[in-house]
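Chemist: Pasting structure28.cif here (mmCIF, C-alpha atoms and all ligand atoms):
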```
data_run
#
loop_
_atom_site.label_atom_id
_atom_site.label_comp_id
_atom_site.auth_asym_id
_atom_site.auth_seq_id
_atom_site.Cartn_x
_atom_site.Cartn_y
_atom_site.Cartn_z
CA MET T 1 -23.33 -23.47 8.36
CA SER T 2 -22.78 -19.98 9.78
CA LYS T 3 -22.60 -17.08 7.39
CA ARG T 4 -19.32 -15.37 6.62
CA ASP T 5 -18.90 -11.57 6.79
CA LEU T 6 -16.06 -9.34 5.64
CA LEU T 7 -15.87 -6.71 8.38
CA ALA T 8 -12.08 -6.48 8.79
CA LEU T 9 -9.13 -8.04 7.01
CA GLU T 10 -7.82 -9.55 10.24
CA ASP T 11 -11.03 -11.57 10.67
CA TRP T 12 -9.99 -13.76 7.73
CA PRO T 13 -6.99 -16.11 8.16
CA PRO T 14 -3.89 -15.18 6.12
CA GLU T 15 -4.32 -18.19 3.81
CA GLN T 16 -7.87 -17.08 2.93
CA ILE T 17 -6.65 -13.57 2.10
CA GLU T 18 -3.85 -15.02 -0.03
CA ALA T 19 -6.36 -17.28 -1.85
CA LEU T 20 -8.64 -14.29 -2.41
CA LEU T 21 -5.78 -12.27 -3.92
CA GLN T 22 -4.91 -15.22 -6.18
CA LEU T 23 -8.56 -15.46 -7.27
CA THR T 24 -8.52 -11.71 -7.94
CA ALA T 25 -5.49 -12.05 -10.20
CA ARG T 26 -7.28 -14.75 -12.21
CA ILE T 27 -10.44 -12.63 -12.46
CA LYS T 28 -8.36 -9.70 -13.65
CA ARG T 29 -6.75 -11.89 -16.33
CA GLY T 30 -10.24 -12.78 -17.57
CA GLU T 31 -10.11 -16.42 -16.48
CA ILE T 32 -13.35 -16.38 -14.45
CA THR T 33 -16.78 -15.42 -15.77
CA GLY T 34 -20.33 -15.21 -14.38
CA GLY T 35 -21.09 -16.78 -11.03
CA LEU T 36 -23.44 -14.13 -9.61
CA GLU T 37 -26.47 -14.68 -11.85
CA LYS T 38 -29.76 -14.00 -10.01
CA LYS T 39 -27.78 -12.78 -7.01
CA VAL T 40 -28.70 -9.49 -5.36
CA LEU T 41 -26.32 -7.24 -3.44
CA ALA T 42 -27.87 -4.55 -1.22
CA LEU T 43 -25.66 -1.51 -0.60
CA ILE T 44 -26.35 0.97 2.20
CA PHE T 45 -24.48 4.27 2.37
CA LEU T 46 -24.85 6.34 5.52
CA THR T 47 -22.15 8.62 4.08
CA PRO T 48 -21.49 9.16 0.35
CA SER T 49 -19.11 6.81 -1.37
CA PRO T 50 -18.75 7.29 -5.14
CA SER T 51 -15.88 4.82 -5.76
CA THR T 52 -17.19 2.09 -3.52
CA ARG T 53 -20.69 2.35 -4.91
CA SER T 54 -19.63 2.36 -8.58
CA SER T 55 -17.05 -0.41 -8.17
CA PHE T 56 -19.52 -2.73 -6.42
CA GLN T 57 -22.26 -1.99 -8.95
CA THR T 58 -19.83 -2.75 -11.78
CA ALA T 59 -18.64 -5.93 -10.08
CA MET T 60 -22.19 -7.26 -9.74
CA PHE T 61 -23.04 -6.32 -13.33
CA LEU T 62 -19.94 -8.02 -14.76
CA HIS T 63 -20.87 -11.32 -13.12
CA GLY T 64 -24.58 -11.22 -13.92
CA GLY T 65 -25.95 -9.96 -10.60
CA HIS T 66 -28.10 -7.03 -9.49
CA THR T 67 -27.49 -4.23 -6.99
CA LEU T 68 -29.95 -2.35 -4.76
CA VAL T 69 -28.75 0.95 -3.26
CA LEU T 70 -30.04 2.93 -0.31
CA GLU T 71 -28.17 6.19 0.36
CA ARG T 72 -28.85 8.53 3.24
CA GLY T 73 -30.39 11.74 1.94
CA GLN T 74 -31.56 10.20 -1.34
CA GLU T 75 -35.28 9.65 -2.02
CA GLY T 76 -36.14 11.05 1.39
CA TRP T 77 -34.28 8.24 3.22
CA THR T 78 -32.78 9.62 6.44
CA PRO T 79 -32.64 6.67 8.83
CA GLU T 80 -32.15 6.75 12.58
CA THR T 81 -29.09 4.70 13.51
CA GLU T 82 -29.01 4.85 17.30
CA LEU T 83 -30.37 1.75 18.94
CA GLY T 84 -33.14 2.52 21.40
CA ALA T 85 -33.81 5.99 19.95
CA VAL T 86 -37.24 7.53 20.53
CA MET T 87 -38.08 8.35 16.93
CA ASP T 88 -40.15 11.50 17.29
CA GLY T 89 -37.81 13.61 15.12
CA GLU T 90 -37.04 13.78 11.38
CA ALA T 91 -36.04 10.15 10.82
CA GLY T 92 -38.93 8.14 9.45
CA GLU T 93 -37.28 4.71 9.57
CA HIS T 94 -34.72 2.99 11.76
CA LEU T 95 -31.73 1.52 9.97
CA ILE T 96 -32.31 -1.80 11.67
CA ASP T 97 -35.71 -2.19 10.00
CA ALA T 98 -34.32 -1.32 6.57
CA VAL T 99 -31.53 -3.83 7.11
CA ARG T 100 -33.91 -6.61 8.18
CA VAL T 101 -35.98 -6.10 5.03
CA LEU T 102 -32.98 -5.94 2.70
CA ASP T 103 -31.68 -9.10 4.32
CA ARG T 104 -34.79 -10.84 2.93
CA TYR T 105 -34.34 -9.40 -0.59
CA ALA T 106 -30.61 -9.74 -1.03
CA ASP T 107 -27.93 -12.44 -0.94
CA ALA T 108 -25.41 -10.11 0.70
CA LEU T 109 -25.42 -6.65 2.18
CA GLY T 110 -22.69 -4.01 2.08
CA ILE T 111 -22.76 -1.02 4.39
CA ARG T 112 -20.73 2.15 4.77
CA SER T 113 -21.48 3.17 8.29
CA GLY T 114 -19.16 6.17 8.30
CA PRO T 115 -17.85 7.70 11.50
CA PRO T 116 -20.39 8.73 14.14
CA ARG T 117 -20.03 12.30 15.43
CA THR T 118 -19.11 11.15 18.91
CA GLU T 119 -15.91 10.94 20.86
CA TRP T 120 -13.48 8.20 19.88
CA ALA T 121 -14.28 5.98 22.86
CA ALA T 122 -17.74 5.50 21.35
CA ALA T 123 -16.82 5.73 17.64
CA ARG T 124 -14.16 3.02 17.97
CA GLN T 125 -16.86 0.47 18.89
CA ASP T 126 -18.11 0.49 15.25
CA ALA T 127 -21.55 -0.10 16.77
CA VAL T 128 -23.63 0.31 13.60
CA MET T 129 -21.45 -2.06 11.57
CA ASN T 130 -21.57 -4.65 14.33
CA TYR T 131 -25.31 -4.57 14.91
CA VAL T 132 -25.98 -4.76 11.17
CA ALA T 133 -23.74 -7.83 10.94
CA GLN T 134 -25.51 -9.39 13.92
CA GLN T 135 -28.96 -8.75 12.51
CA CYS T 136 -28.33 -10.09 9.00
CA GLU T 137 -28.58 -13.72 8.11
CA LYS T 138 -26.74 -12.97 4.86
CA PRO T 139 -23.06 -12.03 4.56
CA VAL T 140 -22.26 -8.43 5.43
CA ILE T 141 -19.42 -6.51 3.79
CA ASN T 142 -17.90 -3.49 5.53
CA LEU T 143 -17.73 -0.68 2.94
CA GLU T 144 -15.89 1.50 5.51
CA SER T 145 -16.60 2.06 9.15
CA ALA T 146 -14.77 4.32 11.61
CA ARG T 147 -12.18 1.54 12.18
CA ARG T 148 -11.81 -0.54 9.01
CA HIS T 149 -12.04 -0.51 5.20
CA PRO T 150 -11.25 -4.12 4.21
CA CYS T 151 -12.10 -3.85 0.49
CA GLN T 152 -9.74 -0.89 0.15
CA ALA T 153 -7.08 -2.87 2.02
CA LEU T 154 -7.42 -5.83 -0.36
CA ALA T 155 -6.98 -3.49 -3.35
CA ASP T 156 -3.97 -1.95 -1.62
CA ALA T 157 -2.40 -5.39 -1.07
CA LEU T 158 -2.95 -6.42 -4.69
CA THR T 159 -1.47 -3.15 -5.97
CA LEU T 160 1.60 -3.55 -3.77
CA GLN T 161 2.13 -7.09 -5.09
CA GLU T 162 1.69 -5.97 -8.69
CA LYS T 163 3.99 -2.96 -8.42
CA LEU T 164 6.72 -4.35 -6.16
CA GLY T 165 6.73 -8.06 -7.05
CA GLN T 166 8.37 -9.66 -4.02
CA VAL T 167 7.08 -7.50 -1.17
CA VAL T 168 8.47 -9.22 1.91
CA GLY T 169 10.85 -6.92 3.78
CA LYS T 170 10.16 -3.93 1.54
CA ARG T 171 9.38 -0.64 3.23
CA PHE T 172 5.80 0.64 3.33
CA VAL T 173 5.29 4.17 4.64
CA VAL T 174 1.85 5.47 5.57
CA THR T 175 2.20 9.22 5.70
CA TRP T 176 -0.38 11.62 7.09
CA ALA T 177 -1.48 14.53 4.89
CA TRP T 178 -3.37 17.69 5.70
CA HIS T 179 -7.00 17.65 4.58
CA PRO T 180 -9.76 20.18 5.17
CA ARG T 181 -11.84 17.57 6.98
CA ALA T 182 -11.07 15.23 9.85
CA LEU T 183 -11.42 11.79 8.23
CA PRO T 184 -11.68 8.41 9.99
CA THR T 185 -8.63 6.21 10.57
CA ALA T 186 -10.10 3.23 8.70
CA VAL T 187 -8.02 3.64 5.54
CA PRO T 188 -4.54 4.13 7.04
CA VAL T 189 -5.03 1.37 9.62
CA SER T 190 -6.42 -1.07 7.04
CA ALA T 191 -3.62 -0.28 4.56
CA ALA T 192 -0.95 -0.77 7.22
CA LEU T 193 -2.56 -4.06 8.28
CA ALA T 194 -2.62 -5.24 4.65
CA ALA T 195 1.06 -4.37 4.15
CA ALA T 196 1.93 -5.98 7.49
CA ARG T 197 0.13 -9.16 6.37
CA LEU T 198 2.36 -9.15 3.29
CA GLY T 199 5.46 -9.12 5.51
CA MET T 200 6.50 -5.56 4.72
CA GLU T 201 8.33 -3.17 7.04
CA ILE T 202 5.90 -0.53 8.23
CA VAL T 203 6.52 3.14 8.98
CA ILE T 204 3.72 5.39 10.16
CA ALA T 205 4.49 9.07 9.72
CA ARG T 206 2.18 11.57 11.35
CA PRO T 207 2.37 14.82 13.26
CA GLU T 208 2.23 14.71 17.03
CA GLY T 209 -1.38 14.41 18.15
CA TYR T 210 -2.33 12.22 15.17
CA GLU T 211 -1.41 8.88 16.72
CA LEU T 212 -3.60 6.00 15.59
CA ASP T 213 -5.67 4.13 18.15
CA PRO T 214 -3.09 2.28 20.34
CA GLU T 215 -4.89 -1.05 19.88
CA ASP T 216 -4.70 -0.65 16.10
CA THR T 217 -1.01 0.24 16.27
CA ALA T 218 -0.38 -2.83 18.42
CA LEU T 219 -2.30 -5.01 15.95
CA ILE T 220 -0.26 -3.67 13.01
CA ARG T 221 2.92 -4.45 14.96
CA ARG T 222 1.77 -8.00 15.84
CA THR T 223 0.59 -8.67 12.30
CA ALA T 224 3.92 -7.59 10.82
CA GLN T 225 5.86 -9.73 13.28
CA GLN T 226 3.66 -12.78 12.60
CA ALA T 227 4.18 -12.34 8.85
CA GLY T 228 7.95 -12.16 9.29
CA GLY T 229 8.13 -8.42 8.73
CA GLU T 230 9.35 -5.76 11.08
CA PHE T 231 7.43 -2.84 12.56
CA VAL T 232 10.02 -0.16 11.98
CA HIS T 233 8.84 2.97 13.73
CA ILE T 234 6.52 5.87 14.17
CA ASN T 235 7.95 9.05 12.69
CA ASP T 236 6.82 12.64 13.14
CA ASP T 237 9.02 14.11 10.40
CA PRO T 238 7.40 14.08 6.91
CA ASP T 239 10.82 14.24 5.20
CA ASP T 240 12.76 11.70 7.23
CA ALA T 241 9.89 9.18 7.13
CA LEU T 242 10.13 8.75 3.37
CA VAL T 243 13.81 7.84 3.23
CA GLY T 244 14.20 4.44 1.58
CA ALA T 245 10.46 3.87 1.12
CA ASP T 246 9.44 1.31 -1.51
CA ALA T 247 5.81 2.45 -1.30
CA VAL T 248 4.27 5.61 0.12
CA TYR T 249 0.61 5.58 1.09
CA VAL T 250 -0.72 9.10 1.57
CA GLY T 251 -3.67 9.31 3.93
CA SER T 252 -5.42 11.78 6.11
CA TRP T 253 -7.17 11.26 9.38
CA GLY T 254 -8.46 13.31 12.26
CA ALA T 255 -6.88 13.35 15.72
CA VAL T 256 -8.65 10.56 17.55
CA LYS T 257 -8.31 12.32 20.90
CA LEU T 258 -10.40 15.19 19.47
CA TYR T 259 -12.97 13.02 17.73
CA GLY T 260 -16.41 14.58 18.01
CA LYS T 261 -14.85 18.03 18.68
CA PRO T 262 -14.41 19.32 15.11
CA ALA T 263 -13.64 22.95 15.98
CA GLU T 264 -10.83 21.99 18.39
CA GLU T 265 -9.48 19.41 15.95
CA ALA T 266 -9.46 21.92 13.07
CA GLU T 267 -7.44 24.33 15.20
CA VAL T 268 -4.73 21.71 15.77
CA ARG T 269 -4.77 20.68 12.10
CA ALA T 270 -4.50 24.26 10.83
CA GLY T 271 -0.74 24.45 11.41
CA LEU T 272 0.01 21.22 9.55
CA ARG T 273 -0.47 22.13 5.88
CA ASP T 274 3.15 21.33 5.13
CA TRP T 275 2.28 17.64 5.44
CA LYS T 276 1.78 16.78 1.75
CA LEU T 277 3.59 14.62 -0.76
CA THR T 278 5.69 16.79 -3.06
CA ARG T 279 8.07 15.84 -5.86
CA SER T 280 11.07 16.82 -3.76
CA ARG T 281 9.95 14.57 -0.88
CA LEU T 282 9.41 11.69 -3.29
CA ARG T 283 13.08 11.89 -4.32
CA SER T 284 14.12 10.45 -0.94
CA THR T 285 12.22 7.20 -1.51
CA ARG T 286 14.29 4.17 -2.59
CA GLY T 287 16.06 5.29 -5.78
CA GLY T 288 13.39 7.99 -6.09
CA LYS T 289 11.12 5.21 -7.34
CA GLY T 290 8.75 4.78 -4.37
CA VAL T 291 5.29 3.73 -5.51
CA VAL T 292 2.67 6.34 -4.57
CA LEU T 293 -0.68 5.09 -3.29
CA HIS T 294 -3.84 6.86 -2.15
CA CYS T 295 -7.35 5.47 -1.66
CA LEU T 296 -8.97 8.33 -3.69
CA PRO T 297 -10.71 10.70 -3.80
CA VAL T 298 -7.62 12.88 -3.35
CA ARG T 299 -7.34 16.61 -2.73
CA ARG T 300 -4.87 17.62 -5.45
CA ASN T 301 -2.10 20.00 -4.39
CA VAL T 302 -3.30 19.66 -0.81
CA GLU T 303 -2.56 16.00 0.01
CA ILE T 304 -0.39 15.24 -3.05
CA ASP T 305 1.00 17.60 -5.67
CA ASP T 306 -0.12 17.29 -9.31
CA GLN T 307 3.45 16.49 -10.39
CA VAL T 308 3.42 13.42 -8.15
CA LEU T 309 -0.12 12.25 -8.93
CA ASP T 310 0.46 12.61 -12.66
CA GLY T 311 4.03 11.33 -12.55
CA PRO T 312 5.60 7.90 -13.10
CA ASN T 313 5.54 6.83 -9.43
CA SER T 314 1.78 7.19 -9.08
CA ALA T 315 -0.23 3.95 -8.89
CA VAL T 316 -3.45 5.51 -7.65
CA VAL T 317 -5.56 4.74 -10.70
CA ASP T 318 -4.35 1.12 -10.83
CA GLN T 319 -5.16 0.90 -7.13
CA ALA T 320 -8.68 2.23 -7.75
CA GLU T 321 -9.15 -0.25 -10.61
CA ASN T 322 -8.12 -3.01 -8.24
CA ARG T 323 -11.06 -2.15 -5.97
CA LEU T 324 -13.27 -3.52 -8.74
CA HIS T 325 -11.34 -6.77 -9.14
CA VAL T 326 -10.94 -7.57 -5.44
CA GLN T 327 -14.64 -6.94 -4.88
CA ARG T 328 -15.50 -9.31 -7.75
CA ALA T 329 -13.47 -11.92 -5.89
CA VAL T 330 -15.08 -11.12 -2.53
CA LEU T 331 -18.58 -11.44 -4.00
CA LEU T 332 -17.78 -14.70 -5.78
CA GLU T 333 -16.26 -16.04 -2.58
CA LEU T 334 -19.19 -15.02 -0.36
CA ILE T 335 -22.24 -15.62 -2.55
CA GLY T 336 -21.15 -16.86 -5.97
CA GLU T 337 -19.90 -19.80 -7.91
CA THR T 338 -16.46 -19.72 -9.49
CA ARG T 339 -16.59 -20.85 -13.09
CA GLU T 340 -13.60 -21.22 -15.40
CA ARG T 341 -13.92 -19.48 -18.72
N1 LIG F 1 -11.69 4.80 -1.56
C1 LIG F 1 -13.00 4.92 -1.27
O1 LIG F 1 -13.55 4.16 -0.49
O2 LIG F 1 -13.63 5.93 -1.96
P1 LIG F 1 -15.16 6.36 -1.82
O3 LIG F 1 -15.28 7.08 -0.53
O4 LIG F 1 -15.40 7.27 -3.02
O5 LIG F 1 -15.99 5.13 -1.88
#
```
Please, can you express the file's structure as structure tokens?
Ligand code: CP
Modeler:
Amino acid sequence: MSKRDLLALEDWPPEQIEALLQLTARIKRGEITGGLEKKVLALIFLTPSPSTRSSFQTAMFLHGGHTLVLERGQEGWTPETELGAVMDGEAGEHLIDAVRVLDRYADALGIRSGPPRTEWAAARQDAVMNYVAQQCEKPVINLESARRHPCQALADALTLQEKLGQVVGKRFVVTWAWHPRALPTAVPVSAALAAARLGMEIVIARPEGYELDPEDTALIRRTAQQAGGEFVHINDDPDDALVGADAVYVGSWGAVKLYGKPAEEAEVRAGLRDWKLTRSRLRSTRGGKGVVLHCLPVRRNVEIDDQVLDGPNSAVVDQAENRLHVQRAVLLELIGETRER
């Protein structure tokens, strides 16, 4: 039987995602114990990832398993990632060799590949994630690449279901926020795909120049239509976009056309600091009750004001907790046994 990876939400059929979310709910209620005894999860971080690392380590611990972690820059580990590189520089090991060895030790491997510092045409290939998945005989979990963050998306979907109950037809707004760094598009695209899978109406609000990759936008549109939802529109007005929103997902990403050109991108971004979620903007959501989501870590009073993050609409901590529970379900599904309590 061929192994099963989790590289992108759309790789799994809708019924498998729905079953995974149902398993997650049971895990969260305490109905499932153990199932990962003597199992080893190897985690590779090419860029730092505090929440992902701690939530996966906790997930493995709670079900009796063990985690190995390799992080770029820690313990002298600075791997080369380019295939075919002539390694006469600083890097003492190629990622592919580390991966092949960990594949022998572990039952599954998670990797945060992070965005390469190249132009988007190259970055959008997610080359590192794909060659790691090809090389491993064990399941590979995408812990965030330039294009996708499926574990975050699963937590987003669960949080939307918990907070909104019946989600079909409800309005989900992904709104861009200013950030001092140009971040990848993986989170906003994955969140929009998750909401589209749930049959929600999708609005993507972003300043001109911050369009998502057209293929990703088309996929979000198709996914929403297939799930019976409606792709509402792209909006470049941070006030108008929030009108009638049932959920507001604040995210930040760099201009894909200027990927790999940080100085030029920063110049464009500099004039956009007004793009943040304030209490007055939140008032225009449906009944002023729009649920506020963010993948964390968040830049307080830059992306979202304190009054919003600490107010009654904010679900960001519940959303972060849900990372733990969905990942417990993913691990049980990929390498574990599901046992009733
Ligand atoms: N949300 C998320 O993936 O956070 P980290 O970058 O801290 O893992």
Chemist: Grab me every residue within 8 Å of ligand LIG 1 (chain F), counting only C-alpha atoms and all ligand atoms, and send it over as a ChimeraX atom specification.
Modeler: /T:48-53,143-144,149,152,295-297,320
Chemist: Taking into account only C-alpha atoms, which residue in the set T:Ala19, T:Val173, T:Val99, T:Ile335 is nearest to Val128 of chain T?
Modeler: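 Ranking T:Ala19, T:Val173, T:Val99, T:Ile335 by distance to Val128 of chain T, first place goes to T:Val99.
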Chemist: My list of candidates is T:Trp120, T:Phe172, T:Phe61, T:Trp253. Which is closest to Thr285 of chain T when distances are computed with all atoms listed in the file?
Modeler: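 Going through T:Trp120, T:Phe172, T:Phe61, T:Trp253 one by one, the smallest distance to Thr285 of chain T is for T:Phe172.
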Chemist: Find the residues around Arg273 of chain T up to 10 Å (all atoms listed in the file counted), leave out those fewer than 2 positions away in its own chain, and share them as a PDB file with C-alpha atoms, keeping the file's coordinate frame.
Modeler:
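Generated output (selection26.pdb):
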```pdb
ATOM      1  CA  ALA T 177      -1.480  14.530   4.890  1.00  0.00           C
ATOM      2  CA  TRP T 178      -3.370  17.690   5.700  1.00  0.00           C
ATOM      3  CA  HIS T 179      -7.000  17.650   4.580  1.00  0.00           C
ATOM      4  CA  PRO T 180      -9.760  20.180   5.170  1.00  0.00           C
ATOM      5  CA  ARG T 269      -4.770  20.680  12.100  1.00  0.00           C
ATOM      6  CA  ALA T 270      -4.500  24.260  10.830  1.00  0.00           C
ATOM      7  CA  GLY T 271      -0.740  24.450  11.410  1.00  0.00           C
ATOM      8  CA  TRP T 275       2.280  17.640   5.440  1.00  0.00           C
ATOM      9  CA  LYS T 276       1.780  16.780   1.750  1.00  0.00           C
ATOM     10  CA  VAL T 302      -3.300  19.660  -0.810  1.00  0.00           C
ATOM     11  CA  GLU T 303      -2.560  16.000   0.010  1.00  0.00           C
TER      12      GLU T 303
END
```
Chemist: Tyr249 of chain T: which residues within 7 Å, counting all atoms listed in the file, same-chain residues fewer than 3 positions away excluded, as a PyMOL selection string?
Modeler: chain T and resi 173-175+292-294
Chemist: List as a PyMOL selection string the protein and nucleic acid residues near Arg181 of chain T, meaning an atom at most 10 Å away when all atoms listed in the file are counted, but skip any in the same chain fewer than 6 places from it.
Modeler: chain T and resi 252-254+262+265-266+269
Chemist: What is the atom CA of Ile111 of chain T to atom CA of Ile141 of chain T distance in Å?
Modeler: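 So the two atoms, atom CA of Ile111 of chain T and atom CA of Ile141 of chain T, lie 6.5 Å apart.
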Chemist: What gap, in Å, lies between atom CA of His94 of chain T and atom CA of Trp77 of chain T?
Modeler: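 Pair atom CA of His94 of chain T / atom CA of Trp77 of chain T returns 10.0 Å.
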Chemist: If we count all atoms listed in the file, what is near Leu68 of chain T at a cut-off of 9 Å, once residues fewer than 2 positions away on the same chain are taken out, given as a short mmCIF file (atom, residue, chain, number, x, y, z; two decimals) with C-alpha atoms, in the frame of the given file?
Modeler:
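part-v1.cif, freshly written:
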```
data_model
loop_
_atom_site.label_atom_id
_atom_site.label_comp_id
_atom_site.auth_asym_id
_atom_site.auth_seq_id
_atom_site.Cartn_x
_atom_site.Cartn_y
_atom_site.Cartn_z
CA VAL T 40 -28.70 -9.49 -5.36
CA LEU T 41 -26.32 -7.24 -3.44
CA ALA T 42 -27.87 -4.55 -1.22
CA LEU T 43 -25.66 -1.51 -0.60
CA ILE T 44 -26.35 0.97 2.20
CA GLN T 57 -22.26 -1.99 -8.95
CA HIS T 66 -28.10 -7.03 -9.49
CA LEU T 70 -30.04 2.93 -0.31
CA LEU T 102 -32.98 -5.94 2.70
CA ALA T 106 -30.61 -9.74 -1.03
#
```
Chemist: Draw an axis-aligned box over all listed atoms of segment 89-92 of chain T, pad each side with 4 Å, and write its centre and edge lengths in Å, one decimal, as lines of an AutoDock Vina configuration file.
Modeler:
```
center_x = -37.5
center_y = 11.0
center_z = 12.3
size_x = 10.9
size_y = 13.6
size_z = 13.7
```
Chemist: Any idea what's packed within 10 Å of segment 203-210 of chain T, counting all atoms listed in the file, ignoring anything in its chain fewer than 3 positions away? Could you give it as a PyMOL selection string?
Modeler: chain T and resi 171-178+185+188-189+192+200+213+217+230-242+245+248-258+265+268-269+272+275
Chemist: Between T:Glu211, T:Glu93, T:Glu10, T:Glu337, which is the closest to Ala194 of chain T once you count only C-alpha atoms?
Modeler: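 Distance minimum relative to Ala194 of chain T lands on T:Glu10.
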Chemist: Could you jot down the atom CA of Trp12 of chain T to atom CA of Thr67 of chain T separation for me, Å, one decimal place?
Modeler: 24.8 Å
